[in-house]
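Novice: This one is start-v7.txt, compact mmCIF, C-alpha atoms.
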```
# COMPACT_ATOMS: atom_id res chain seq x y z
CA MET G 1 0.00 0.00 0.00
CA ASP G 2 2.90 2.39 0.71
CA ILE G 3 4.28 1.84 -2.79
CA LYS G 4 0.91 2.89 -4.20
CA LYS G 5 1.00 6.05 -2.08
CA TYR G 6 4.45 6.95 -3.38
CA ALA G 7 3.41 6.25 -6.96
CA ALA G 8 0.34 8.46 -6.49
CA GLU G 9 2.50 11.29 -5.14
CA ALA G 10 4.91 10.97 -8.07
CA ILE G 11 2.05 11.03 -10.61
CA GLY G 12 0.31 13.91 -8.86
CA THR G 13 3.46 16.02 -8.66
CA PHE G 14 4.19 15.21 -12.29
CA TRP G 15 0.78 16.62 -13.20
CA LEU G 16 1.18 19.75 -11.07
CA THR G 17 4.62 20.50 -12.53
CA PHE G 18 3.77 19.63 -16.11
CA ALA G 19 0.43 21.46 -16.16
CA GLY G 20 1.53 24.46 -14.12
CA CYS G 21 4.98 25.03 -15.58
CA GLY G 22 3.76 23.92 -19.01
CA SER G 23 1.13 26.65 -19.00
CA ALA G 24 3.87 29.18 -18.28
CA VAL G 25 6.39 27.85 -20.80
CA ILE G 26 4.06 27.00 -23.68
CA ALA G 27 0.80 28.95 -23.35
CA ALA G 28 1.46 32.11 -21.35
CA GLY G 29 3.30 33.99 -24.04
CA PHE G 30 1.60 32.59 -27.11
CA PRO G 31 0.96 35.48 -29.52
CA GLN G 32 -2.45 37.17 -29.15
CA VAL G 33 -4.09 34.35 -27.19
CA GLY G 34 -1.54 33.85 -24.41
CA ILE G 35 -3.11 32.96 -21.05
CA GLY G 36 -0.94 35.36 -19.04
CA LEU G 37 -0.43 35.52 -15.28
CA VAL G 38 -4.06 34.71 -14.46
CA GLY G 39 -4.06 31.67 -16.71
CA VAL G 40 -0.85 30.29 -15.20
CA SER G 41 -2.24 30.84 -11.70
CA LEU G 42 -5.39 28.95 -12.61
CA ALA G 43 -3.38 26.11 -14.16
CA PHE G 44 -1.45 25.52 -10.95
CA GLY G 45 -4.60 25.70 -8.83
CA LEU G 46 -6.60 23.43 -11.12
CA SER G 47 -3.81 20.87 -11.21
CA VAL G 48 -4.13 20.53 -7.43
CA VAL G 49 -7.94 20.40 -7.51
CA THR G 50 -8.00 17.66 -10.15
CA MET G 51 -5.34 15.55 -8.44
CA ALA G 52 -6.86 16.00 -4.98
CA TYR G 53 -10.05 14.39 -6.24
CA ALA G 54 -8.09 11.73 -8.14
CA ILE G 55 -5.54 10.59 -5.55
CA GLY G 56 -6.51 12.26 -2.28
CA HIS G 57 -7.96 8.97 -1.03
CA ILE G 58 -4.75 7.14 -1.95
CA SER G 59 -1.92 9.32 -0.66
CA GLY G 60 -3.52 12.46 0.76
CA CYS G 61 -2.36 14.35 -2.36
CA HIS G 62 0.51 16.39 -0.89
CA LEU G 63 2.40 16.93 -4.21
CA ASN G 64 4.84 19.15 -2.33
CA PRO G 65 7.65 18.52 0.20
CA ALA G 66 6.61 21.66 2.10
CA VAL G 67 3.08 20.30 2.48
CA THR G 68 4.39 16.95 3.71
CA VAL G 69 6.68 18.62 6.25
CA GLY G 70 3.96 21.08 7.29
CA LEU G 71 1.39 18.35 7.86
CA ALA G 72 3.93 16.41 9.92
CA ALA G 73 4.69 19.52 11.98
CA GLY G 74 0.96 19.97 12.50
CA GLY G 75 0.57 16.41 13.76
CA ARG G 76 -1.40 15.29 10.70
CA PHE G 77 1.15 13.08 8.97
CA PRO G 78 3.64 10.47 10.27
CA ALA G 79 7.20 11.84 10.33
CA GLY G 80 8.58 8.48 9.22
CA GLN G 81 6.88 8.88 5.85
CA ILE G 82 8.34 12.29 5.03
CA LEU G 83 11.44 11.11 3.13
CA PRO G 84 9.76 8.62 0.77
CA TYR G 85 7.00 11.11 0.02
CA VAL G 86 9.56 13.82 -0.79
CA ILE G 87 11.59 11.49 -3.00
CA ALA G 88 8.46 10.52 -4.93
CA GLN G 89 7.43 14.16 -5.34
CA VAL G 90 10.82 15.28 -6.61
CA ALA G 91 11.00 12.33 -9.01
CA GLY G 92 7.59 13.21 -10.44
CA ALA G 93 8.59 16.85 -10.89
CA ILE G 94 11.83 15.95 -12.67
CA VAL G 95 10.05 13.63 -15.12
CA ALA G 96 7.49 16.38 -15.79
CA ALA G 97 10.24 18.93 -16.45
CA TRP G 98 11.97 16.49 -18.80
CA LEU G 99 8.79 15.90 -20.80
CA LEU G 100 8.05 19.62 -20.89
CA TYR G 101 11.57 20.26 -22.15
CA VAL G 102 11.12 17.68 -24.93
CA ILE G 103 7.85 19.28 -26.03
CA ALA G 104 8.91 22.92 -25.67
CA SER G 105 12.20 22.38 -27.48
CA GLY G 106 10.23 21.39 -30.57
CA ALA G 107 9.39 25.04 -31.22
CA PRO G 108 11.76 27.21 -33.30
CA GLY G 109 13.75 29.61 -31.17
CA PHE G 110 13.21 27.77 -27.88
CA ASP G 111 15.83 28.81 -25.34
CA VAL G 112 15.85 27.03 -21.99
CA SER G 113 18.14 29.72 -20.56
CA LYS G 114 15.25 32.21 -20.67
CA GLY G 115 13.91 30.64 -17.52
CA PHE G 116 11.80 27.56 -18.30
CA ALA G 117 9.42 28.52 -15.46
CA SER G 118 12.26 28.44 -12.93
CA ASN G 119 12.07 30.37 -9.68
CA GLY G 120 14.59 33.08 -8.90
CA TYR G 121 15.50 36.14 -6.90
CA GLY G 122 17.41 39.34 -7.59
CA ALA G 123 18.18 39.61 -11.30
CA HIS G 124 16.20 36.41 -11.91
CA SER G 125 13.05 37.53 -10.12
CA PRO G 126 10.37 38.56 -12.68
CA GLY G 127 10.07 41.88 -10.85
CA GLN G 128 13.75 42.09 -9.80
CA TYR G 129 12.87 41.61 -6.12
CA SER G 130 15.70 41.16 -3.63
CA MET G 131 16.69 37.84 -2.08
CA ILE G 132 15.33 38.84 1.34
CA VAL G 133 11.96 39.90 -0.06
CA CYS G 134 11.71 36.70 -2.09
CA PHE G 135 12.59 34.60 0.95
CA LEU G 136 9.96 36.35 3.06
CA THR G 137 7.35 35.97 0.32
CA GLU G 138 7.95 32.25 -0.01
CA VAL G 139 7.81 31.72 3.76
CA VAL G 140 4.56 33.65 4.18
CA MET G 141 2.84 32.19 1.12
CA THR G 142 3.72 28.62 2.07
CA MET G 143 2.72 29.23 5.68
CA MET G 144 -0.73 30.40 4.60
CA PHE G 145 -1.02 27.53 2.13
CA LEU G 146 -0.45 25.01 4.93
CA PHE G 147 -2.78 26.90 7.24
CA ILE G 148 -5.55 26.56 4.64
CA ILE G 149 -4.73 22.90 3.96
CA MET G 150 -4.86 22.10 7.68
CA GLY G 151 -8.22 23.85 7.99
CA ALA G 152 -9.77 22.47 4.80
CA THR G 153 -8.91 18.88 5.79
CA HIS G 154 -10.00 19.32 9.42
CA GLY G 155 -12.68 17.04 10.79
CA ARG G 156 -15.17 19.89 11.11
CA ALA G 157 -14.58 21.38 7.65
CA PRO G 158 -17.35 20.89 5.04
CA ALA G 159 -16.90 17.41 3.58
CA GLY G 160 -15.77 17.15 -0.03
CA PHE G 161 -14.73 20.76 -0.48
CA ALA G 162 -11.09 20.57 0.63
CA PRO G 163 -9.70 20.25 -2.94
CA LEU G 164 -11.52 23.41 -4.01
CA ALA G 165 -10.31 25.46 -1.05
CA ILE G 166 -6.74 24.25 -1.46
CA GLY G 167 -6.71 24.76 -5.24
CA LEU G 168 -8.17 28.25 -4.97
CA ALA G 169 -5.59 29.11 -2.31
CA LEU G 170 -2.83 28.12 -4.73
CA VAL G 171 -4.41 30.31 -7.43
CA MET G 172 -4.38 33.30 -5.08
CA ILE G 173 -0.80 32.59 -4.03
CA HIS G 174 0.31 32.63 -7.66
CA LEU G 175 -1.62 35.79 -8.45
CA VAL G 176 0.34 37.59 -5.74
CA SER G 177 3.78 36.06 -5.99
CA ILE G 178 4.48 35.26 -9.65
CA PRO G 179 5.98 38.77 -10.09
CA VAL G 180 8.16 38.23 -7.02
CA THR G 181 9.64 34.71 -7.35
CA ASN G 182 7.68 33.16 -10.22
CA THR G 183 5.99 31.37 -7.32
CA SER G 184 7.42 28.24 -5.81
CA VAL G 185 5.86 27.33 -2.41
CA ASN G 186 6.89 23.85 -3.59
CA PRO G 187 10.52 22.64 -3.60
CA ALA G 188 9.75 19.74 -5.96
CA ARG G 189 8.13 22.01 -8.55
CA SER G 190 11.19 24.29 -8.33
CA THR G 191 13.70 21.47 -8.63
CA GLY G 192 12.43 19.96 -11.89
CA PRO G 193 12.79 23.05 -14.13
CA ALA G 194 15.96 24.25 -12.35
CA LEU G 195 17.83 21.08 -13.26
CA PHE G 196 17.24 21.75 -16.96
CA VAL G 197 18.09 25.45 -16.80
CA GLY G 198 21.21 24.87 -14.67
CA GLY G 199 23.53 27.77 -13.79
CA TRP G 200 21.72 30.48 -11.87
CA ALA G 201 18.58 28.36 -11.43
CA THR G 202 20.37 25.59 -9.55
CA ALA G 203 22.51 28.12 -7.67
CA GLN G 204 19.36 29.84 -6.35
CA LEU G 205 17.40 26.64 -5.77
CA TRP G 206 18.35 26.55 -2.07
CA LEU G 207 15.95 29.42 -1.32
CA PHE G 208 13.04 27.51 -2.84
CA TRP G 209 13.72 24.60 -0.54
CA VAL G 210 14.53 26.41 2.68
CA ALA G 211 11.82 29.10 2.61
CA PRO G 212 8.87 26.82 1.71
CA LEU G 213 9.92 24.20 4.26
CA ILE G 214 10.10 26.84 6.98
CA GLY G 215 6.77 28.31 5.91
CA GLY G 216 5.12 24.89 5.73
CA ALA G 217 6.27 23.95 9.23
CA LEU G 218 5.07 27.30 10.60
CA GLY G 219 1.65 26.92 9.00
CA GLY G 220 1.23 23.42 10.39
CA VAL G 221 2.30 24.36 13.90
CA ILE G 222 0.16 27.51 14.04
CA TYR G 223 -2.97 25.70 12.91
CA ARG G 224 -2.31 22.84 15.33
CA TRP G 225 -2.15 25.37 18.15
CA LEU G 226 -5.29 27.11 16.94
CA SER G 227 -7.46 24.00 16.50
CA GLU G 228 -6.24 20.58 17.54
CA GLU G 229 -9.43 18.51 17.49
CA PRO G 230 -11.01 16.88 15.66
CA ALA G 231 -8.32 16.23 13.08
CA GLY G 232 -7.19 13.42 10.82
CA VAL G 233 -4.08 12.08 9.19
CA VAL G 234 -3.74 13.36 5.62
CA ALA G 235 -2.21 10.27 4.15
CA GLY G 236 -4.91 8.60 2.08
CA ALA G 237 -5.53 4.87 2.47
CA LYS G 238 -4.41 3.09 5.60
CA THR G 239 -1.15 1.20 5.38
CA ALA G 240 -1.71 -2.54 5.06
```
Reformat the file's structure so that it appears as structure tokens.
Specialist:
Amino acid sequence: MDIKKYAAEAIGTFWLTFAGCGSAVIAAGFPQVGIGLVGVSLAFGLSVVTMAYAIGHISGCHLNPAVTVGLAAGGRFPAGQILPYVIAQVAGAIVAAWLLYVIASGAPGFDVSKGFASNGYGAHSPGQYSMIVCFLTEVVMTMMFLFIIMGATHGRAPAGFAPLAIGLALVMIHLVSIPVTNTSVNPARSTGPALFVGGWATAQLWLFWVAPLIGGALGGVIYRWLSEEPAGVVAGAKTA
């Protein structure tokens, strides 16, 4: 049963990275009908909504190392499962980035060095925001994301609506922070594209691991303090 959980996390993170980053790389700048910032934000949010309904009952649909760590910090996920979940998530994101690279490179003039939906700060921030501001943004955005996840999956939350609340939260996060960091709040999503861009993208990748993990843990701990019971483990099917 654990293997199925890890496979579900890999597939789900593949979909989030491929659909979200793919919308930015392929569709956002398409002449005259490009989807723009709003479209990319919706793509990321909808990828979470669709996968939450598809695999939430299998793995809990974390799709994000910061979510896994945050849920563990909030007492809603077993700490012993963090590492395999994270490995599965990163693997799914890397495969998605590889496939996106294969598809995107089929267009004339494709240049992976232009960013490939990578996250960055300073000169590589879409709005040229400083490293400190980008770090703060990622911490706060991920903290609020986990706060919403903890609340939406709480025992007293309206049943069946958690995927919508979580997906819409991710849309709002992207609407605010794409100009700042190109929006990470997800170390796996950041890792996939960065490995193909290399150079500055991999050099700056540390921020998009450290800040989301800190933010995720903070969100989990704060919500646990605010409302402990009733709660439930966000891990999908029970281990056999």
Novice: Contacts of Ala211 of chain G at 12 Å or less, counting all atoms listed in the file, minus same-chain residues fewer than 5 places along, as a ChimeraX atom specification?
Specialist: /G:65-66,131-143,181,183-187,190,204-206,216-218
Novice: Store the residues picked out above, limited to C-alpha atoms, as a PDB file, in the frame of the given file.
Specialist:
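This is the output file selection_9.pdb:
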```pdb
ATOM      1  CA  PRO G  65       7.650  18.520   0.200  1.00  0.00           C
ATOM      2  CA  ALA G  66       6.610  21.660   2.100  1.00  0.00           C
ATOM      3  CA  MET G 131      16.690  37.840  -2.080  1.00  0.00           C
ATOM      4  CA  ILE G 132      15.330  38.840   1.340  1.00  0.00           C
ATOM      5  CA  VAL G 133      11.960  39.900  -0.060  1.00  0.00           C
ATOM      6  CA  CYS G 134      11.710  36.700  -2.090  1.00  0.00           C
ATOM      7  CA  PHE G 135      12.590  34.600   0.950  1.00  0.00           C
ATOM      8  CA  LEU G 136       9.960  36.350   3.060  1.00  0.00           C
ATOM      9  CA  THR G 137       7.350  35.970   0.320  1.00  0.00           C
ATOM     10  CA  GLU G 138       7.950  32.250  -0.010  1.00  0.00           C
ATOM     11  CA  VAL G 139       7.810  31.720   3.760  1.00  0.00           C
ATOM     12  CA  VAL G 140       4.560  33.650   4.180  1.00  0.00           C
ATOM     13  CA  MET G 141       2.840  32.190   1.120  1.00  0.00           C
ATOM     14  CA  THR G 142       3.720  28.620   2.070  1.00  0.00           C
ATOM     15  CA  MET G 143       2.720  29.230   5.680  1.00  0.00           C
ATOM     16  CA  THR G 181       9.640  34.710  -7.350  1.00  0.00           C
ATOM     17  CA  THR G 183       5.990  31.370  -7.320  1.00  0.00           C
ATOM     18  CA  SER G 184       7.420  28.240  -5.810  1.00  0.00           C
ATOM     19  CA  VAL G 185       5.860  27.330  -2.410  1.00  0.00           C
ATOM     20  CA  ASN G 186       6.890  23.850  -3.590  1.00  0.00           C
ATOM     21  CA  PRO G 187      10.520  22.640  -3.600  1.00  0.00           C
ATOM     22  CA  SER G 190      11.190  24.290  -8.330  1.00  0.00           C
ATOM     23  CA  GLN G 204      19.360  29.840  -6.350  1.00  0.00           C
ATOM     24  CA  LEU G 205      17.400  26.640  -5.770  1.00  0.00           C
ATOM     25  CA  TRP G 206      18.350  26.550  -2.070  1.00  0.00           C
ATOM     26  CA  GLY G 216       5.120  24.890   5.730  1.00  0.00           C
ATOM     27  CA  ALA G 217       6.270  23.950   9.230  1.00  0.00           C
ATOM     28  CA  LEU G 218       5.070  27.300  10.600  1.00  0.00           C
TER      29      LEU G 218
END
```
Novice: Which residues are close to segment 12-24 of chain G, i.e. within 8 Å by all atoms listed in the file, leaving aside same-chain residues fewer than 6 positions away? Reply as a list in words.
Specialist: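 Here the answer would be Ile35, Gly36, Gly39, Val40, Ser41, Ala43, Phe44, Ser47, Val48, Met51, Ile55, Cys61, Leu63, Asn64, Gln89, Val90, Gly92, Ala93, Ile94, Val95, Ala96, Ala97, Leu99, Leu100, Phe116, Ala117, Ala188, Arg189 and Gly192 of chain G.
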Novice: Taking C-alpha atoms for each residue, export the selection above as a tab-separated table (two decimals), in the coordinates of the input.
Specialist:
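Now in out14.tsv:
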```tsv
chain	number	residue	atom	x	y	z
G	35	ILE	CA	-3.11	32.96	-21.05
G	36	GLY	CA	-0.94	35.36	-19.04
G	39	GLY	CA	-4.06	31.67	-16.71
G	40	VAL	CA	-0.85	30.29	-15.20
G	41	SER	CA	-2.24	30.84	-11.70
G	43	ALA	CA	-3.38	26.11	-14.16
G	44	PHE	CA	-1.45	25.52	-10.95
G	47	SER	CA	-3.81	20.87	-11.21
G	48	VAL	CA	-4.13	20.53	-7.43
G	51	MET	CA	-5.34	15.55	-8.44
G	55	ILE	CA	-5.54	10.59	-5.55
G	61	CYS	CA	-2.36	14.35	-2.36
G	63	LEU	CA	2.40	16.93	-4.21
G	64	ASN	CA	4.84	19.15	-2.33
G	89	GLN	CA	7.43	14.16	-5.34
G	90	VAL	CA	10.82	15.28	-6.61
G	92	GLY	CA	7.59	13.21	-10.44
G	93	ALA	CA	8.59	16.85	-10.89
G	94	ILE	CA	11.83	15.95	-12.67
G	95	VAL	CA	10.05	13.63	-15.12
G	96	ALA	CA	7.49	16.38	-15.79
G	97	ALA	CA	10.24	18.93	-16.45
G	99	LEU	CA	8.79	15.90	-20.80
G	100	LEU	CA	8.05	19.62	-20.89
G	116	PHE	CA	11.80	27.56	-18.30
G	117	ALA	CA	9.42	28.52	-15.46
G	188	ALA	CA	9.75	19.74	-5.96
G	189	ARG	CA	8.13	22.01	-8.55
G	192	GLY	CA	12.43	19.96	-11.89
```
Novice: Calculated over all atoms listed in the file, which of the candidates G:Val86, G:Gly80, G:Ala72, G:Tyr121 has the smallest distance to Ser177 of chain G?
Specialist: G:Tyr121
Novice: Which residue gives the smallest distance to Gly127 of chain G among G:Ala162, G:Ala73, G:Ile214, G:Ile178, with only C-alpha atoms counted?
Specialist: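 Among the listed residues, G:Ile178 lies closest to Gly127 of chain G.
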Novice: What's the separation between atom CA of Leu175 of chain G and atom CA of Leu37 of chain G, in Å to one decimal place?
Specialist: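 Separating atom CA of Leu175 of chain G from atom CA of Leu37 of chain G is a distance of 6.9 Å.
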Novice: Taking all atoms listed in the file into account, which of G:Val176, G:Val67, G:Ala201, G:Ile82 comes nearest Gly122 of chain G?
Specialist: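 Answer, going by the shortest atom-to-atom distance: G:Ala201.
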Novice: Show me, as a CSV table (one decimal) with C-alpha atoms, in the coordinates of the input, the residues that have an atom within 7 Å of Asn182 of chain G when counting all atoms listed in the file, minus same-chain residues fewer than 6 positions from it.
Specialist:
```
chain,number,residue,atom,x,y,z
G,119,ASN,CA,12.1,30.4,-9.7
G,125,SER,CA,13.0,37.5,-10.1
G,126,PRO,CA,10.4,38.6,-12.7
```
Novice: Between atom CA of Thr153 of chain G and atom CA of Ile3 of chain G, what is the distance, to one decimal in Å?
Specialist: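 Separating atom CA of Thr153 of chain G from atom CA of Ile3 of chain G is a distance of 23.2 Å.
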Novice: Compile the contact shell of Ser118 of chain G as number ranges by chain: residues with an atom at most 6 Å away, counting only C-alpha atoms, same-chain residues fewer than 2 positions apart removed.
Specialist: G: 115-116, 193-194
Novice: Restricting the calculation to only C-alpha atoms: of G:Leu195, G:Trp98, G:Asp111, G:Val69, which residue gets closest to Val210 of chain G?
Specialist: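 Closest candidate: G:Val69.
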Novice: Looking at G:Ser59, G:Pro158, G:Gly29, G:Val221, which one is nearest to Gln81 of chain G, with distances taken over only C-alpha atoms?
Specialist: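 Among G:Ser59, G:Pro158, G:Gly29, G:Val221, it is G:Ser59 that comes nearest to Gln81 of chain G.
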Novice: Go through G:Leu213, G:Ala52, G:Val197, G:Leu83 one by one, measure the shortest atom-to-atom distance of each to Ala8 of chain G using all atoms listed in the file, and give the residue with the smallest value.
Specialist: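 Closest candidate: G:Ala52.
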Novice: Please, which residues are within 8 Å of (22.1, 36.4, -13.0) by the file's coordinates, counting all atoms listed in the file, and could they come as a ChimeraX atom specification?
Specialist: /G:122-124,200
Novice: Pick out the residues sitting within 8 Å of Val49 of chain G, and hand them over as a list in words; count only C-alpha atoms, and ignore anything fewer than 4 positions along from it in its own chain.
Specialist: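 The contact residues come out as Gly45, Tyr53, Pro163, Leu164, Ile166 and Gly167 of chain G.
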Novice: Around all of segment 163-166 of chain G's listed atoms, make the axis-aligned box with 4 Å on each side and tell me centre and edge lengths in Å to one decimal, as lines of an AutoDock Vina configuration file.
Specialist:
```
center_x = -9.1
center_y = 22.9
center_z = -2.5
size_x = 12.8
size_y = 13.2
size_z = 11.0
```
Novice: With all atoms listed in the file counted, which protein, DNA or RNA residues have an atom no more than 8 Å from (-5.7, 32.6, -8.6) in the file frame? Please answer as a ChimeraX atom specification.
Specialist: /G:38,41-42,45,168-175
Novice: In Å, how far is it from atom CA of Glu228 of chain G to atom CA of Asp2 of chain G?
Specialist: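 Going from atom CA of Glu228 of chain G over to atom CA of Asp2 of chain G, I get 26.4 Å.
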Novice: Would you fill the gaps in segment 119-140 of chain G so it has N, CA, C and O atoms, then print it as a PDB file, keeping the file's coordinate frame?
Specialist:
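Output file result-v3.pdb follows:
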```pdb
ATOM      1  N   ASN G 119      12.222  29.340 -10.707  1.00  0.00           N
ATOM      2  CA  ASN G 119      12.070  30.370  -9.680  1.00  0.00           C
ATOM      3  C   ASN G 119      13.406  31.051  -9.447  1.00  0.00           C
ATOM      4  O   ASN G 119      14.463  30.432  -9.563  1.00  0.00           O
ATOM      5  N   GLY G 120      13.345  32.361  -9.117  1.00  0.00           N
ATOM      6  CA  GLY G 120      14.590  33.080  -8.900  1.00  0.00           C
ATOM      7  C   GLY G 120      14.404  34.329  -8.080  1.00  0.00           C
ATOM      8  O   GLY G 120      13.280  34.761  -7.819  1.00  0.00           O
ATOM      9  N   TYR G 121      15.508  34.886  -7.650  1.00  0.00           N
ATOM     10  CA  TYR G 121      15.500  36.140  -6.900  1.00  0.00           C
ATOM     11  C   TYR G 121      16.535  37.085  -7.483  1.00  0.00           C
ATOM     12  O   TYR G 121      17.350  36.697  -8.328  1.00  0.00           O
ATOM     13  N   GLY G 122      16.478  38.345  -7.064  1.00  0.00           N
ATOM     14  CA  GLY G 122      17.410  39.340  -7.590  1.00  0.00           C
ATOM     15  C   GLY G 122      17.205  39.539  -9.079  1.00  0.00           C
ATOM     16  O   GLY G 122      16.092  39.780  -9.539  1.00  0.00           O
ATOM     17  N   ALA G 123      18.259  39.394  -9.849  1.00  0.00           N
ATOM     18  CA  ALA G 123      18.180  39.610 -11.300  1.00  0.00           C
ATOM     19  C   ALA G 123      17.281  38.590 -11.979  1.00  0.00           C
ATOM     20  O   ALA G 123      16.801  38.820 -13.100  1.00  0.00           O
ATOM     21  N   HIS G 124      17.008  37.470 -11.319  1.00  0.00           N
ATOM     22  CA  HIS G 124      16.200  36.410 -11.910  1.00  0.00           C
ATOM     23  C   HIS G 124      14.780  36.369 -11.353  1.00  0.00           C
ATOM     24  O   HIS G 124      14.022  35.454 -11.674  1.00  0.00           O
ATOM     25  N   SER G 125      14.437  37.339 -10.541  1.00  0.00           N
ATOM     26  CA  SER G 125      13.050  37.530 -10.120  1.00  0.00           C
ATOM     27  C   SER G 125      12.328  38.265 -11.243  1.00  0.00           C
ATOM     28  O   SER G 125      12.874  39.217 -11.822  1.00  0.00           O
ATOM     29  N   PRO G 126      11.093  37.849 -11.606  1.00  0.00           N
ATOM     30  CA  PRO G 126      10.370  38.560 -12.680  1.00  0.00           C
ATOM     31  C   PRO G 126      10.286  40.057 -12.448  1.00  0.00           C
ATOM     32  O   PRO G 126      10.356  40.841 -13.395  1.00  0.00           O
ATOM     33  N   GLY G 127      10.151  40.457 -11.179  1.00  0.00           N
ATOM     34  CA  GLY G 127      10.070  41.880 -10.850  1.00  0.00           C
ATOM     35  C   GLY G 127      11.339  42.437 -10.237  1.00  0.00           C
ATOM     36  O   GLY G 127      11.327  43.534  -9.669  1.00  0.00           O
ATOM     37  N   GLN G 128      12.438  41.663 -10.322  1.00  0.00           N
ATOM     38  CA  GLN G 128      13.750  42.090  -9.800  1.00  0.00           C
ATOM     39  C   GLN G 128      13.725  42.297  -8.282  1.00  0.00           C
ATOM     40  O   GLN G 128      14.392  43.181  -7.740  1.00  0.00           O
ATOM     41  N   TYR G 129      12.957  41.487  -7.579  1.00  0.00           N
ATOM     42  CA  TYR G 129      12.870  41.610  -6.120  1.00  0.00           C
ATOM     43  C   TYR G 129      14.110  41.027  -5.457  1.00  0.00           C
ATOM     44  O   TYR G 129      14.695  40.059  -5.947  1.00  0.00           O
ATOM     45  N   SER G 130      14.484  41.579  -4.316  1.00  0.00           N
ATOM     46  CA  SER G 130      15.700  41.160  -3.630  1.00  0.00           C
ATOM     47  C   SER G 130      15.553  39.763  -3.023  1.00  0.00           C
ATOM     48  O   SER G 130      14.436  39.256  -2.846  1.00  0.00           O
ATOM     49  N   MET G 131      16.681  39.171  -2.668  1.00  0.00           N
ATOM     50  CA  MET G 131      16.690  37.840  -2.080  1.00  0.00           C
ATOM     51  C   MET G 131      15.882  37.806  -0.780  1.00  0.00           C
ATOM     52  O   MET G 131      15.107  36.875  -0.539  1.00  0.00           O
ATOM     53  N   ILE G 132      16.039  38.815   0.063  1.00  0.00           N
ATOM     54  CA  ILE G 132      15.330  38.840   1.340  1.00  0.00           C
ATOM     55  C   ILE G 132      13.825  38.917   1.141  1.00  0.00           C
ATOM     56  O   ILE G 132      13.052  38.210   1.795  1.00  0.00           O
ATOM     57  N   VAL G 133      13.393  39.773   0.225  1.00  0.00           N
ATOM     58  CA  VAL G 133      11.960  39.900  -0.060  1.00  0.00           C
ATOM     59  C   VAL G 133      11.405  38.592  -0.629  1.00  0.00           C
ATOM     60  O   VAL G 133      10.314  38.149  -0.251  1.00  0.00           O
ATOM     61  N   CYS G 134      12.152  37.959  -1.512  1.00  0.00           N
ATOM     62  CA  CYS G 134      11.710  36.700  -2.090  1.00  0.00           C
ATOM     63  C   CYS G 134      11.632  35.604  -1.032  1.00  0.00           C
ATOM     64  O   CYS G 134      10.681  34.809  -1.018  1.00  0.00           O
ATOM     65  N   PHE G 135      12.595  35.585  -0.138  1.00  0.00           N
ATOM     66  CA  PHE G 135      12.590  34.600   0.950  1.00  0.00           C
ATOM     67  C   PHE G 135      11.366  34.797   1.833  1.00  0.00           C
ATOM     68  O   PHE G 135      10.643  33.847   2.151  1.00  0.00           O
ATOM     69  N   LEU G 136      11.116  36.033   2.212  1.00  0.00           N
ATOM     70  CA  LEU G 136       9.960  36.350   3.060  1.00  0.00           C
ATOM     71  C   LEU G 136       8.652  35.976   2.355  1.00  0.00           C
ATOM     72  O   LEU G 136       7.746  35.400   2.976  1.00  0.00           O
ATOM     73  N   THR G 137       8.560  36.288   1.079  1.00  0.00           N
ATOM     74  CA  THR G 137       7.350  35.970   0.320  1.00  0.00           C
ATOM     75  C   THR G 137       7.083  34.480   0.294  1.00  0.00           C
ATOM     76  O   THR G 137       5.955  34.032   0.531  1.00  0.00           O
ATOM     77  N   GLU G 138       8.122  33.698   0.041  1.00  0.00           N
ATOM     78  CA  GLU G 138       7.950  32.250  -0.010  1.00  0.00           C
ATOM     79  C   GLU G 138       7.574  31.668   1.346  1.00  0.00           C
ATOM     80  O   GLU G 138       6.753  30.753   1.438  1.00  0.00           O
ATOM     81  N   VAL G 139       8.150  32.191   2.410  1.00  0.00           N
ATOM     82  CA  VAL G 139       7.810  31.720   3.760  1.00  0.00           C
ATOM     83  C   VAL G 139       6.341  32.005   4.065  1.00  0.00           C
ATOM     84  O   VAL G 139       5.587  31.119   4.483  1.00  0.00           O
ATOM     85  N   VAL G 140       5.927  33.240   3.839  1.00  0.00           N
ATOM     86  CA  VAL G 140       4.560  33.650   4.180  1.00  0.00           C
ATOM     87  C   VAL G 140       3.532  32.923   3.312  1.00  0.00           C
ATOM     88  O   VAL G 140       2.508  32.434   3.811  1.00  0.00           O
TER      89      VAL G 140
END
```
